[in-house]
$ cat coords.cif   # mmCIF, C-alpha atoms
data_start
#
loop_
_atom_site.label_atom_id
_atom_site.label_comp_id
_atom_site.auth_asym_id
_atom_site.auth_seq_id
_atom_site.Cartn_x
_atom_site.Cartn_y
_atom_site.Cartn_z
CA MET I 1 17.57 -10.69 16.69
CA ILE I 2 14.80 -9.97 19.22
CA LYS I 3 16.80 -7.09 20.70
CA TYR I 4 17.46 -5.72 17.22
CA LEU I 5 13.78 -5.91 16.27
CA ALA I 6 12.79 -4.23 19.55
CA LYS I 7 15.11 -1.31 18.79
CA ARG I 8 13.71 -1.00 15.27
CA ILE I 9 10.14 -1.06 16.54
CA VAL I 10 10.91 1.68 19.06
CA THR I 11 12.62 3.78 16.38
CA TYR I 12 9.75 3.46 13.94
CA SER I 13 7.19 4.08 16.69
CA VAL I 14 8.85 7.42 17.36
CA MET I 15 8.84 8.13 13.61
CA VAL I 16 5.12 7.34 13.36
CA PHE I 17 4.38 9.58 16.35
CA ILE I 18 6.31 12.51 14.86
CA VAL I 19 4.76 12.12 11.40
CA THR I 20 1.27 11.85 12.88
CA SER I 21 1.74 14.88 15.12
CA VAL I 22 3.13 17.06 12.34
CA THR I 23 0.30 15.99 10.04
CA TYR I 24 -2.31 16.90 12.63
CA LEU I 25 -0.80 20.33 13.23
CA ILE I 26 -0.65 21.02 9.48
CA THR I 27 -4.19 19.87 8.77
CA VAL I 28 -5.73 21.55 11.80
CA THR I 29 -4.12 24.81 10.66
CA THR I 30 -5.19 24.58 7.01
CA PHE I 31 -8.49 22.61 6.99
CA LYS I 32 -11.66 24.62 7.62
CA PRO I 33 -14.57 22.15 7.69
CA TRP I 34 -16.97 24.70 9.20
CA LEU I 35 -17.05 26.48 5.84
CA LEU I 36 -19.18 23.60 4.52
CA ASP I 37 -21.79 24.41 7.18
CA GLU I 38 -21.79 28.05 6.16
CA ASN I 39 -22.75 27.02 2.62
CA LYS I 40 -25.78 24.98 3.73
CA ASN I 41 -29.30 26.07 2.89
CA PRO I 42 -30.79 27.13 5.21
CA ARG I 43 -27.57 28.52 6.60
CA PRO I 44 -27.07 27.91 10.36
CA SER I 45 -26.00 30.75 12.56
CA PRO I 46 -22.35 31.15 13.60
CA GLU I 47 -23.33 30.16 17.15
CA GLN I 48 -24.96 26.95 15.95
CA ILE I 49 -21.91 26.05 13.88
CA GLU I 50 -19.58 26.76 16.79
CA ASN I 51 -21.66 24.71 19.22
CA ARG I 52 -21.92 21.75 16.84
CA PHE I 53 -18.17 21.55 16.31
CA ARG I 54 -17.50 22.01 20.01
CA LEU I 55 -19.72 19.04 20.83
CA LEU I 56 -17.79 16.96 18.28
CA GLY I 57 -14.47 17.88 19.90
CA LEU I 58 -13.56 20.01 16.89
CA ASP I 59 -13.69 23.42 18.56
CA PHE I 60 -12.14 25.70 15.93
CA THR I 61 -12.08 28.64 18.36
CA LYS I 62 -9.09 27.02 20.09
CA ASN I 63 -5.60 27.49 18.70
CA PRO I 64 -3.97 24.52 16.86
CA PHE I 65 -1.76 23.49 19.78
CA GLU I 66 -4.70 23.38 22.21
CA ARG I 67 -6.64 21.21 19.78
CA TYR I 68 -3.60 18.99 19.28
CA LEU I 69 -3.20 18.45 23.04
CA ASP I 70 -6.87 17.52 23.39
CA TRP I 71 -6.69 15.16 20.42
CA ILE I 72 -3.39 13.42 21.28
CA THR I 73 -4.55 12.94 24.88
CA GLY I 74 -7.63 11.12 23.62
CA VAL I 75 -5.53 8.95 21.30
CA ILE I 76 -3.01 7.97 23.99
CA THR I 77 -5.37 7.48 26.92
CA ARG I 78 -8.49 6.08 25.18
CA TRP I 79 -7.29 5.24 21.66
CA ASP I 80 -9.97 7.66 20.48
CA TRP I 81 -9.06 9.30 17.17
CA GLY I 82 -11.93 11.72 17.40
CA ARG I 83 -14.93 12.39 15.20
CA THR I 84 -15.53 13.53 11.67
CA PRO I 85 -17.24 16.86 10.84
CA LEU I 86 -20.37 14.80 10.03
CA GLY I 87 -20.39 13.29 13.53
CA GLY I 88 -19.09 9.80 12.72
CA SER I 89 -16.47 7.98 14.79
CA VAL I 90 -13.06 7.89 13.10
CA ASN I 91 -12.27 4.63 14.90
CA MET I 92 -15.33 2.86 13.51
CA GLU I 93 -15.12 4.24 9.98
CA PHE I 94 -11.39 3.60 9.74
CA GLY I 95 -11.76 0.07 11.14
CA ASP I 96 -14.36 -0.88 8.55
CA ARG I 97 -12.36 0.49 5.63
CA VAL I 98 -8.89 -0.64 6.65
CA TRP I 99 -10.08 -4.25 6.73
CA VAL I 100 -11.45 -3.92 3.18
CA SER I 101 -8.17 -2.43 1.90
CA THR I 102 -5.93 -4.85 3.79
CA ARG I 103 -7.71 -7.90 2.39
CA LEU I 104 -7.11 -6.55 -1.10
CA TYR I 105 -3.52 -5.37 -0.70
CA VAL I 106 -2.05 -8.32 1.21
CA ALA I 107 -2.76 -10.77 -1.60
CA ALA I 108 -1.61 -8.25 -4.22
CA ILE I 109 1.65 -7.50 -2.38
CA ILE I 110 2.55 -11.18 -1.98
CA LEU I 111 1.77 -11.94 -5.63
CA THR I 112 3.64 -8.84 -6.80
CA MET I 113 6.83 -9.77 -4.96
CA VAL I 114 6.78 -13.47 -5.83
CA ILE I 115 5.91 -13.03 -9.51
CA GLY I 116 8.17 -10.01 -9.99
CA ILE I 117 11.25 -11.69 -8.50
CA ALA I 118 10.56 -14.95 -10.34
CA LEU I 119 10.23 -13.12 -13.66
CA GLY I 120 13.41 -11.17 -12.90
CA VAL I 121 15.37 -14.39 -12.41
CA TYR I 122 13.74 -15.99 -15.46
CA SER I 123 14.50 -13.05 -17.76
CA ALA I 124 18.08 -12.70 -16.49
CA ALA I 125 18.72 -16.38 -17.20
CA ARG I 126 17.51 -15.77 -20.77
CA GLN I 127 19.23 -12.44 -21.36
CA TYR I 128 18.47 -10.88 -24.78
CA LYS I 129 16.27 -13.81 -25.82
CA TRP I 130 12.67 -13.14 -26.85
CA GLN I 131 11.35 -14.12 -23.40
CA ASP I 132 13.61 -11.55 -21.76
CA ARG I 133 12.68 -8.85 -24.26
CA VAL I 134 8.94 -9.43 -23.87
CA ILE I 135 8.96 -9.53 -20.06
CA THR I 136 11.30 -6.57 -19.61
CA SER I 137 9.54 -4.48 -22.25
CA TYR I 138 6.24 -5.04 -20.49
CA SER I 139 7.81 -3.99 -17.17
CA TYR I 140 9.03 -0.71 -18.66
CA ILE I 141 5.60 -0.08 -20.18
CA SER I 142 4.04 -0.65 -16.75
CA TYR I 143 6.58 1.77 -15.28
CA ILE I 144 5.62 4.67 -17.56
CA LEU I 145 1.87 3.89 -17.69
CA PRO I 146 -0.14 5.93 -15.15
CA ALA I 147 -1.86 3.62 -12.68
CA VAL I 148 -5.28 5.18 -13.23
CA ILE I 149 -5.14 4.49 -16.97
CA GLY I 150 -3.83 0.98 -16.42
CA TYR I 151 -6.63 0.10 -13.99
CA PHE I 152 -9.23 1.57 -16.32
CA LEU I 153 -7.92 -0.45 -19.29
CA ILE I 154 -7.99 -3.67 -17.23
CA GLN I 155 -11.54 -2.88 -16.17
CA LEU I 156 -12.55 -2.47 -19.83
CA LEU I 157 -10.77 -5.74 -20.66
CA PHE I 158 -12.79 -7.75 -18.14
CA ILE I 159 -16.01 -6.05 -19.20
CA ALA I 160 -15.26 -7.24 -22.73
CA ILE I 161 -14.52 -10.76 -21.40
CA ASN I 162 -17.88 -10.83 -19.60
CA GLN I 163 -19.64 -9.70 -22.76
CA ALA I 164 -17.87 -12.37 -24.80
CA LEU I 165 -18.86 -15.07 -22.29
CA GLY I 166 -22.43 -13.83 -22.17
CA SER I 167 -22.51 -13.62 -18.37
CA THR I 168 -20.88 -11.76 -15.50
CA VAL I 169 -18.03 -14.04 -14.51
CA PHE I 170 -15.71 -11.29 -13.23
CA PHE I 171 -17.08 -8.34 -11.27
CA VAL I 172 -15.34 -5.05 -12.05
CA THR I 173 -16.93 -2.97 -9.26
CA GLY I 174 -17.86 -3.51 -5.62
CA ILE I 175 -16.78 -6.08 -3.04
CA SER I 176 -19.86 -8.33 -2.93
CA THR I 177 -23.25 -8.97 -4.48
CA PRO I 178 -26.21 -7.90 -2.32
CA GLY I 179 -28.40 -10.78 -1.20
CA VAL I 180 -25.95 -13.58 -2.02
CA GLN I 181 -26.44 -16.71 0.08
CA PRO I 182 -23.82 -17.47 2.79
CA GLY I 183 -21.45 -20.38 2.41
CA TRP I 184 -19.96 -21.41 -0.91
CA PRO I 185 -22.07 -18.97 -2.96
CA ALA I 186 -20.73 -16.09 -0.85
CA PHE I 187 -17.18 -17.47 -1.13
CA TRP I 188 -17.22 -17.69 -4.93
CA ASP I 189 -18.91 -14.32 -5.14
CA GLY I 190 -16.07 -12.85 -3.08
CA VAL I 191 -13.47 -14.48 -5.32
CA ALA I 192 -15.17 -13.04 -8.41
CA HIS I 193 -15.10 -9.55 -6.86
CA TYR I 194 -11.52 -9.85 -5.58
CA PHE I 195 -9.99 -11.25 -8.74
CA VAL I 196 -10.06 -8.21 -11.03
CA PRO I 197 -8.63 -5.54 -8.65
CA THR I 198 -6.05 -8.00 -7.28
CA PHE I 199 -5.04 -8.93 -10.81
CA ALA I 200 -4.80 -5.25 -11.77
CA ILE I 201 -2.61 -4.23 -8.81
CA THR I 202 -0.37 -7.27 -9.31
CA ILE I 203 0.12 -7.02 -13.05
CA LEU I 204 0.85 -3.29 -12.86
CA GLY I 205 3.05 -3.57 -9.77
CA TRP I 206 5.57 -6.33 -10.39
CA TRP I 207 7.69 -4.26 -12.82
CA ASN I 208 9.85 -2.86 -10.03
CA TYR I 209 10.85 -6.27 -8.68
CA GLN I 210 11.33 -7.75 -12.14
CA ILE I 211 13.61 -4.98 -13.41
CA ALA I 212 15.59 -4.76 -10.17
CA GLN I 213 16.06 -8.53 -9.77
CA ARG I 214 17.08 -8.93 -13.41
CA GLN I 215 19.61 -6.09 -13.26
CA TYR I 216 21.20 -7.11 -9.97
CA LEU I 217 21.42 -10.73 -11.04
CA LEU I 218 23.09 -9.82 -14.35
CA ASP I 219 25.56 -7.63 -12.45
CA ASN I 220 26.63 -10.64 -10.37
CA VAL I 221 26.59 -13.38 -13.00
CA ASN I 222 30.11 -12.53 -14.17
CA ALA I 223 31.48 -11.56 -10.77
CA ASP I 224 34.69 -13.13 -9.47
CA PHE I 225 32.96 -15.28 -6.85
CA VAL I 226 30.66 -16.77 -9.50
CA ARG I 227 33.58 -17.55 -11.83
CA THR I 228 35.41 -19.13 -8.89
CA ALA I 229 32.40 -21.32 -8.12
CA ARG I 230 32.25 -22.44 -11.74
CA ALA I 231 35.98 -23.17 -11.72
CA LYS I 232 35.39 -25.51 -8.79
CA GLY I 233 33.00 -27.58 -10.88
CA LEU I 234 29.58 -25.97 -10.56
CA THR I 235 27.50 -25.47 -13.67
CA ARG I 236 26.38 -21.97 -14.64
CA THR I 237 22.89 -22.64 -13.34
CA GLN I 238 24.19 -24.02 -10.04
CA ALA I 239 26.56 -21.09 -9.58
CA ILE I 240 23.78 -18.61 -10.21
CA ARG I 241 21.32 -20.35 -7.91
CA LYS I 242 23.72 -20.91 -5.00
CA HIS I 243 25.77 -17.72 -5.16
CA ALA I 244 24.71 -14.97 -7.58
CA LEU I 245 21.00 -15.19 -6.78
CA ARG I 246 21.48 -14.77 -3.04
CA VAL I 247 23.77 -11.75 -3.44
CA SER I 248 21.51 -10.12 -6.05
CA PHE I 249 18.47 -10.55 -3.83
CA ILE I 250 19.93 -8.39 -1.03
CA PRO I 251 19.15 -4.97 -2.62
CA VAL I 252 15.79 -6.29 -3.82
CA ALA I 253 14.92 -7.30 -0.26
CA GLN I 254 15.90 -3.86 0.97
CA SER I 255 13.51 -2.24 -1.53
CA ILE I 256 10.55 -3.90 0.20
CA ALA I 257 10.52 -0.99 2.65
CA PHE I 258 9.52 1.33 -0.19
CA THR I 259 7.50 -0.86 -2.53
CA ILE I 260 4.95 -2.03 0.05
CA PRO I 261 3.75 1.50 0.92
CA ALA I 262 3.97 2.37 -2.78
CA ILE I 263 1.55 -0.46 -3.59
CA PHE I 264 -0.79 0.77 -0.87
CA ALA I 265 -0.63 4.32 -2.27
CA GLY I 266 -1.18 3.16 -5.84
CA GLY I 267 -3.97 0.89 -4.68
CA TYR I 268 -5.99 3.94 -3.64
CA PHE I 269 -6.61 4.60 -7.33
CA ALA I 270 -7.68 0.97 -7.75
CA GLU I 271 -10.26 1.45 -5.01
CA ILE I 272 -11.73 4.39 -6.89
CA ILE I 273 -11.75 2.67 -10.30
CA PHE I 274 -13.17 -0.62 -8.96
CA ALA I 275 -15.49 1.05 -6.39
CA TRP I 276 -13.99 -0.56 -3.29
CA PRO I 277 -15.03 1.24 -0.08
CA GLY I 278 -11.54 1.18 1.43
CA ILE I 279 -9.02 3.60 2.87
CA GLY I 280 -8.41 5.26 -0.50
CA GLN I 281 -11.93 6.53 -1.05
CA TRP I 282 -12.27 7.45 2.61
CA SER I 283 -9.04 9.49 2.70
CA ILE I 284 -9.95 11.44 -0.44
CA ALA I 285 -13.39 12.19 1.01
CA ALA I 286 -11.74 13.29 4.27
CA ILE I 287 -9.57 15.82 2.45
CA SER I 288 -12.51 17.20 0.46
CA GLN I 289 -14.51 17.64 3.68
CA GLY I 290 -11.62 19.19 5.62
CA ASP I 291 -11.72 16.26 8.04
CA VAL I 292 -8.64 16.74 10.23
CA ASN I 293 -8.96 13.56 12.30
CA SER I 294 -9.62 11.19 9.38
CA ALA I 295 -6.84 12.67 7.26
CA THR I 296 -4.41 12.32 10.18
CA ALA I 297 -5.48 8.71 10.77
CA THR I 298 -4.83 7.93 7.11
CA VAL I 299 -1.32 9.39 7.23
CA ALA I 300 -0.61 7.53 10.47
CA PHE I 301 -1.72 4.31 8.78
CA GLY I 302 0.65 5.02 5.89
CA ALA I 303 3.52 5.62 8.30
CA VAL I 304 2.77 2.31 10.05
CA ILE I 305 2.76 0.52 6.67
CA PHE I 306 6.14 2.04 5.83
CA ALA I 307 7.53 0.97 9.21
CA PHE I 308 6.19 -2.55 8.70
CA GLY I 309 7.77 -2.68 5.24
CA ALA I 310 11.11 -1.48 6.61
CA ILE I 311 11.13 -4.12 9.36
CA LEU I 312 10.14 -6.79 6.85
CA ALA I 313 12.97 -5.63 4.58
CA ASP I 314 15.42 -5.94 7.49
CA LEU I 315 14.24 -9.49 8.20
CA ALA I 316 14.46 -10.49 4.53
CA THR I 317 17.96 -9.00 4.27
CA SER I 318 19.12 -10.85 7.40
CA LEU I 319 17.97 -14.14 5.89
CA VAL I 320 20.09 -13.77 2.75
CA ASP I 321 23.04 -11.73 4.02
CA PRO I 322 25.17 -13.42 6.73
CA ARG I 323 26.92 -10.13 7.49
CA VAL I 324 23.68 -8.67 8.80
CA ARG I 325 23.12 -11.64 11.12
CA VAL I 326 26.65 -11.33 12.49
CA GLN I 327 26.18 -7.62 13.19
#
$ encode --input "coords.cif" --output "structure tokens"
Amino acid sequence: MIKYLAKRIVTYSVMVFIVTSVTYLITVTTFKPWLLDENKNPRPSPEQIENRFRLLGLDFTKNPFERYLDWITGVITRWDWGRTPLGGSVNMEFGDRVWVSTRLYVAAIILTMVIGIALGVYSAARQYKWQDRVITSYSYISYILPAVIGYFLIQLLFIAINQALGSTVFFVTGISTPGVQPGWPAFWDGVAHYFVPTFAITILGWWNYQIAQRQYLLDNVNADFVRTARAKGLTRTQAIRKHALRVSFIPVAQSIAFTIPAIFAGGYFAEIIFAWPGIGQWSIAAISQGDVNSATATVAFGAVIFAFGAILADLATSLVDPRVRVQ
């Protein structure tokens, strides 16, 4: 297993390097952040603009490959991802924002997978009953509902709840209240700020797991190996739990590689709606400012998240599929 994981890590490391390098070359060719300086009032001279960007390591007089070699050398030798056109350190700004986003997404991802799979099993066991119809109908509505609209509706819902309660119990924007005392007051303030965006990402994200788990489980309920298990004396529930559920979970486990980065991507809209200063807001600002280094760091982070999801999917598959362990 360790040898297998080592090979996968090396493979995905190469993938991340290639994706990051291609992204840098594309952005450095298309982004022109110096145009923002030309629109300032008073307008600096071309020499001033050129000198400022040269001091930041963003010398646009060099060709894209020369700039790439300078940048990738700094990343490999000093883990320095460069500076933004405004002079900030990409390492520092990214570090602050990635921690904010990760704290939000980790809880949402775990809840999404656990609740989605549990609801998929529950609805499959009650096929065509009202519980199944309600749960599955909601999942399809979540599938077709744009994330931005869904987050906005949930925000309005909790605003209405606060108004009905006569006090702000759930915060719908920001990550903390300025001036709150440390200790338990800060803890409960953090919970109140985390609850709404975590709830929104979870309730709008479990549809994929619920629909997939339900469908795969129903496909295996009447399979030959399940009928054989029942013929040997197992009840329907026992046969499903011991045999059908494990087999049906294999493709669901494999989908983790795609759903984890999808939740991160969809969560960017949640950061905007709920005013969380995370990677989402930062990456959008980087694109609007023509920030080559920040945009590249964001794509590299996404590639790492995909690689992590793929490795996690491999581990989950190996736990439920003996054939994978043998191989």
$ resolve_selection --input "coords.cif" --expression "the PyMOL selection byres ((chain I and resi 210) around 12)" --output "JSON, numbers by chain"
{"I": [112, 113, 114, 115, 116, 117, 118, 119, 120, 121, 122, 123, 124, 132, 135, 136, 137, 138, 139, 140, 142, 143, 203, 204, 205, 206, 207, 208, 209, 211, 212, 213, 214, 215, 216, 217, 249, 252]}
$ atom_distance --input "coords.cif" --atom1 "atom CA of I:Thr27" --atom2 "atom CA of I:Ala295"
7.8 Å
$ closest_residue --input "coords.cif" --among "I:Ile141, I:Ile256, I:Ser167, I:Val191" --to "I:Ile311" --atoms "all atoms listed in the file"
I:Ile256
$ atom_distance --input "coords.cif" --atom1 "atom CA of I:Leu156" --atom2 "atom CA of I:Phe195"
14.4 Å
$ residues_around --input "coords.cif" --residues "I:Ile159" --least-positions-apart "4" --cutoff "9 Å" --atoms "all atoms listed in the file" --output "list in words"
Ile154, Gln155, Gln163, Ala164, Thr168, Phe170, Phe171 and Val172 of chain I
$ residues_around --input "coords.cif" --residues "I:Ala147" --least-positions-apart "6" --cutoff "9 Å" --atoms "all atoms listed in the file" --output "list in words"
Ile201, Leu204, Gly266, Gly267, Phe269 and Ala270 of chain I
$ decode --input "coords.cif" --residues "stretch 63-88 of chain I" --atoms "N, CA, C and O atoms" --output "CSV table (one decimal), in the first residue's frame"
chain,number,residue,atom,x,y,z
I,63,ASN,N,10.4,38.1,-22.2
I,63,ASN,CA,9.5,37.3,-22.8
I,63,ASN,C,8.9,36.3,-21.8
I,63,ASN,O,9.5,36.1,-20.7
I,64,PRO,N,7.7,35.6,-22.1
I,64,PRO,CA,7.1,34.8,-21.1
I,64,PRO,C,8.0,33.6,-20.6
I,64,PRO,O,7.9,33.3,-19.4
I,65,PHE,N,8.8,33.0,-21.4
I,65,PHE,CA,9.6,31.9,-21.0
I,65,PHE,C,10.7,32.4,-20.0
I,65,PHE,O,11.1,31.7,-19.0
I,66,GLU,N,11.3,33.6,-20.2
I,66,GLU,CA,12.2,34.1,-19.3
I,66,GLU,C,11.6,34.4,-17.9
I,66,GLU,O,12.2,34.1,-16.9
I,67,ARG,N,10.4,35.0,-18.0
I,67,ARG,CA,9.7,35.2,-16.7
I,67,ARG,C,9.3,33.9,-16.0
I,67,ARG,O,9.4,33.8,-14.8
I,68,TYR,N,9.0,32.9,-16.8
I,68,TYR,CA,8.6,31.6,-16.2
I,68,TYR,C,9.8,31.0,-15.5
I,68,TYR,O,9.7,30.5,-14.4
I,69,LEU,N,11.0,31.1,-16.1
I,69,LEU,CA,12.2,30.5,-15.5
I,69,LEU,C,12.6,31.2,-14.2
I,69,LEU,O,12.9,30.6,-13.2
I,70,ASP,N,12.4,32.5,-14.2
I,70,ASP,CA,12.7,33.3,-13.0
I,70,ASP,C,11.7,32.9,-11.9
I,70,ASP,O,12.1,32.7,-10.7
I,71,TRP,N,10.5,32.8,-12.3
I,71,TRP,CA,9.4,32.5,-11.3
I,71,TRP,C,9.5,31.1,-10.7
I,71,TRP,O,9.5,30.8,-9.5
I,72,ILE,N,9.7,30.1,-11.6
I,72,ILE,CA,9.7,28.7,-11.2
I,72,ILE,C,11.0,28.4,-10.4
I,72,ILE,O,11.0,27.6,-9.5
I,73,THR,N,12.1,29.1,-10.7
I,73,THR,CA,13.3,29.0,-9.9
I,73,THR,C,13.1,29.5,-8.4
I,73,THR,O,13.5,28.8,-7.5
I,74,GLY,N,12.4,30.6,-8.3
I,74,GLY,CA,12.1,31.1,-7.0
I,74,GLY,C,11.1,30.1,-6.2
I,74,GLY,O,11.3,29.9,-5.0
I,75,VAL,N,10.2,29.5,-6.9
I,75,VAL,CA,9.3,28.6,-6.2
I,75,VAL,C,10.0,27.3,-5.8
I,75,VAL,O,9.8,26.9,-4.6
I,76,ILE,N,10.9,26.8,-6.6
I,76,ILE,CA,11.6,25.5,-6.3
I,76,ILE,C,12.7,25.7,-5.2
I,76,ILE,O,12.8,24.9,-4.3
I,77,THR,N,13.4,26.8,-5.4
I,77,THR,CA,14.6,27.0,-4.5
I,77,THR,C,14.2,27.7,-3.2
I,77,THR,O,14.8,27.4,-2.1
I,78,ARG,N,13.2,28.6,-3.2
I,78,ARG,CA,12.9,29.4,-2.0
I,78,ARG,C,11.4,29.3,-1.6
I,78,ARG,O,11.0,29.9,-0.6
I,79,TRP,N,10.7,28.5,-2.3
I,79,TRP,CA,9.2,28.4,-2.1
I,79,TRP,C,8.6,29.8,-2.1
I,79,TRP,O,7.7,30.2,-1.3
I,80,ASP,N,9.1,30.7,-3.0
I,80,ASP,CA,8.6,32.0,-3.1
I,80,ASP,C,7.8,32.1,-4.4
I,80,ASP,O,8.3,32.0,-5.5
I,81,TRP,N,6.5,32.3,-4.2
I,81,TRP,CA,5.5,32.4,-5.3
I,81,TRP,C,5.4,33.8,-5.9
I,81,TRP,O,4.5,34.1,-6.7
I,82,GLY,N,6.3,34.7,-5.5
I,82,GLY,CA,6.4,36.0,-6.1
I,82,GLY,C,5.5,37.0,-5.4
I,82,GLY,O,5.0,36.8,-4.3
I,83,ARG,N,5.3,38.1,-6.1
I,83,ARG,CA,4.5,39.2,-5.5
I,83,ARG,C,3.4,39.6,-6.4
I,83,ARG,O,3.3,39.3,-7.6
I,84,THR,N,2.4,40.3,-5.9
I,84,THR,CA,1.3,40.8,-6.6
I,84,THR,C,1.6,42.1,-7.3
I,84,THR,O,2.6,42.8,-6.9
I,85,PRO,N,0.8,42.6,-8.2
I,85,PRO,CA,1.1,43.9,-8.8
I,85,PRO,C,1.0,45.0,-7.8
I,85,PRO,O,1.5,46.1,-8.1
I,86,LEU,N,0.3,44.8,-6.7
I,86,LEU,CA,0.2,45.9,-5.7
I,86,LEU,C,1.4,45.8,-4.7
I,86,LEU,O,1.4,46.6,-3.7
I,87,GLY,N,2.3,44.8,-4.8
I,87,GLY,CA,3.4,44.7,-4.0
I,87,GLY,C,3.3,43.7,-2.8
I,87,GLY,O,4.3,43.5,-2.1
I,88,GLY,N,2.2,43.1,-2.6
I,88,GLY,CA,2.0,42.1,-1.6
I,88,GLY,C,2.7,40.8,-1.9
I,88,GLY,O,2.9,40.4,-3.0
